Structures are given as C-alpha cells and as structure tokens.
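Written below as structure tokens is the structure these notes are about.
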Amino acid sequence: MDVLDRVVKPKTKRAKRFLEKREPKLSENIKNAMLIKGGNANLTVTQVLRDVYALKKPYGVLYKKKNITRPFEDQTSLEFFSKKSDCSLFMFGSHNKKRPNNLVIGRMYDYHVLDMIELGIEKFVSLKDIKNSKCPEGTKPMLIFAGDDFDVTEDYRRLKSLLIDFFRGPTVTNIRLAGLEYVLHFTALNGKIYFRSYKLLLKKSGCRTPRIELEEMGPSLDLVLRRTHLASDDLYKLSMKMPKALKPKKKKNISHDTFGTTYGRIHMQKQDLSKLQTRKVKGLKKRPAERITEDQEKKSKRIKKN
C-alpha cells in the first residue's frame, strides 16, 4: 500500500488540522493547480508555466525540478503529486522533436486523472515582454469564450470546461465593480485557440456607468489542439454529482419561467357567489313587488316540506 493511502492517526493538533483540511466536505476547498516541468522542457515552456503560476497565485504549486514522465502513457506520477500537494488541477510542460513546446492541461477526480488535453504553443509573449501595469496577486478574473467551436465540438466543449475550472478562482457571493480588474479571453478560430489577458481600466464617462477600456497585460498564447484523453460519460457525470444536502429543496406550487420570475399557485375552496357582497347601487335594489313574490315563494316551499 502507498504511504499516502495509509490511515494515519494524528499525534499532534497540527497533524489533526492537516487531516481535517483534506477530508471530504459538502463545500469543497478552492481547487489548487500544480505546474510541472517535463524532463526536456525548454525556456519557452518554462516561462509559460511561470506566467500561468503568476496568474494562479496563491492557488498554485510550481515544481521547479524537472520530472521525467509522460502523462498520456503513465499517470501514476501525476496522481502521486496530486495527492502529495492536494491539487486537483495540473499543467505539464515538455518539449521534443515530435511535439515541440507542448502543454498538457488536466484535472483529477478522487486523485485519479479525469481528463486531460494536449496543446501546442505556436506563439508566446511573456508577462515581462508587455510593459504595462499588472494586477495584484489573487485577483479573480473574468472569463470570456468566443467561437462556435466551444459549443459545437465535444473536444472544445470539454476544453472550455477545463479552462473554466483552471482559472475561475474562489467562488464569491457579491461582486464589487472596482474588483473587476482583468479579463482572460479565449478565442477558437480556424483550429487554433488564442489566449489573451487584458487589464480592465474604468474611465470617466460623464454618467454613473464608467467607460471601460482594455489594456493587454500578458501572457499571450497561440495554441493548437493535439491529443485528448477524455473521461467516459458515466465517470464525468459521477464527478459532477451534487450531494443531497446541497440540493435545494423543491417548494410545492411554485414555478419559475425562463426570465427568473416566480409564479405561485394558491388552492382555495369553492366560493358561494350568491353570498358575495357586491357594491350597493340604488338601481340594483329590489322593488316591493319583487320582495312580496319572493316571500310568497319561500312560504309555499315551507308548506310543501311540512
């Protein structure tokens, strides 16, 4: 049995806190990413991993030493590092003659590789090469996806899901306008994926809503899709399963339309409209002759019953 798989009894309070942090929870921790260099990574791949790590801080782990492994052939080392560093996302960089400037991005489920996609770097501009102001560490980005391929092709659809998982950051309940500081833009066009990063500038517009300008911040990548290793539909569905405790309880007689409007259904007893009090109008008052005939009808009914 693996050392990390053993059930360990904590001997100190610190070890107890560490094990409690890794226990399964209803609301899981923020997903961390590990960035790993292959055994033959060149300067371009190394710089890409550093720049992605700068965007991911503090929810990332950068391995500086080279690791001789091939994710599509043997995944045991990735699963070991995932369990060791408690990371459910990974990016692996390598370079060889057959696949130059290679990136493998993927995610884990229960410390096993769920799916991964291989991308080739065709053009790269580093954070250092673009001399503009950068965003502070830990800023949550806005993600924009452009291109029909992200909604049509299965590989691109899974890549979109993977990129959202990788860069989304912590889940927040409220949004502050000044906190929207930078945008990650992904464009799928003619078999390529264009990755751009922009800083958001809020300018005066003369009204309450500010004028928005985008300033390129870096890094900038032109990527091409290579190999894919996707999870089966059953396993993917299992990984997306929500615990029963988190599922919202269904309320009876309440429905919502596509615009979010709430409709309620009220159940009432059958009303006797003869006893309904209407507005008293002189024109609706009964005449004396009508009252006499009604009284006579009532008397005749009583006589018949007796």
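As shown in the structure tokens, the chain order sets the letters A, B, ...; within each chain, residues go from 1, and ligands are also counted from 1 in the order they appear.
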Nearby residues (only C-alpha atoms) at most 6 Å from region 123-131 of chain A, same-chain spacing under 3 positions excluded, as a PyMOL selection string: chain A and resi 218-222
Residues within 8 Å of region 224-231 of chain A, only C-alpha atoms, excluding chain neighbours under 3 positions, as a ChimeraX atom specification: /A:72,114-122,155,191-193,235-236
Computed interatomic separation between CA of Lys140 (chain A) and CA of Ser205 (chain A) (Å): 25.0 Å
Considering only C-alpha atoms, return as a PDB file with C-alpha atoms, in the first residue's frame whatever protein or nucleic-acid residues lie within 12 Å of Ser82 (chain A), sequence-local ones (same chain, fewer than 4 positions apart) excluded.
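Result file is around29.pdb:
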```
ATOM      1  CA  LEU A   4      -0.128   8.397   1.303  1.00  0.00           C
ATOM      2  CA  LYS A  31      -9.150  23.939  -6.465  1.00  0.00           C
ATOM      3  CA  ASN A  32      -5.365  24.233  -6.468  1.00  0.00           C
ATOM      4  CA  ALA A  33      -3.228  23.679  -9.562  1.00  0.00           C
ATOM      5  CA  MET A  34       0.238  22.162  -9.848  1.00  0.00           C
ATOM      6  CA  LEU A  35       2.564  23.225 -12.643  1.00  0.00           C
ATOM      7  CA  ILE A  36       5.168  20.601 -13.553  1.00  0.00           C
ATOM      8  CA  GLY A  60      -0.993  27.040  -7.330  1.00  0.00           C
ATOM      9  CA  VAL A  61       2.173  24.988  -6.755  1.00  0.00           C
ATOM     10  CA  TYR A  63       7.567  22.448  -9.273  1.00  0.00           C
ATOM     11  CA  GLN A  75      -0.226   8.817 -14.978  1.00  0.00           C
ATOM     12  CA  THR A  76       0.993   7.414 -11.648  1.00  0.00           C
ATOM     13  CA  SER A  77       3.497  10.230 -11.001  1.00  0.00           C
ATOM     14  CA  LEU A  78       0.828  12.895 -11.633  1.00  0.00           C
ATOM     15  CA  ASP A  86      -3.629  18.288  -2.590  1.00  0.00           C
ATOM     16  CA  CYS A  87      -4.099  19.653  -6.130  1.00  0.00           C
ATOM     17  CA  SER A  88      -6.988  18.675  -8.391  1.00  0.00           C
ATOM     18  CA  LEU A  89      -5.702  20.583 -11.460  1.00  0.00           C
ATOM     19  CA  PHE A  90      -2.393  20.263 -13.278  1.00  0.00           C
ATOM     20  CA  MET A  91      -0.393  21.699 -16.165  1.00  0.00           C
ATOM     21  CA  GLY A 106      -5.942  18.347 -16.975  1.00  0.00           C
ATOM     22  CA  ARG A 107      -7.884  17.700 -13.790  1.00  0.00           C
ATOM     23  CA  MET A 108      -8.277  14.968 -11.194  1.00  0.00           C
ATOM     24  CA  TYR A 109     -11.216  13.180  -9.633  1.00  0.00           C
ATOM     25  CA  ASP A 110     -10.531  11.317  -6.380  1.00  0.00           C
ATOM     26  CA  TYR A 111      -6.771  11.730  -7.083  1.00  0.00           C
ATOM     27  CA  HIS A 112      -7.078   9.983 -10.458  1.00  0.00           C
ATOM     28  CA  VAL A 113      -6.825  11.675 -13.855  1.00  0.00           C
TER      29      VAL A 113
END
```
For Leu62 (chain A): contacts at 12 Å, only C-alpha atoms, fewer than 2 positions along chain excluded, given as a PyMOL selection string: chain A and resi 32-37+46-60+64-66+81+85+87+90-93
Alpha helix (DSSP H) per DSSP on the backbone: members of region 44-213 of chain A, as a PyMOL selection string: chain A and resi 44-56+76-85+149-152+154-167
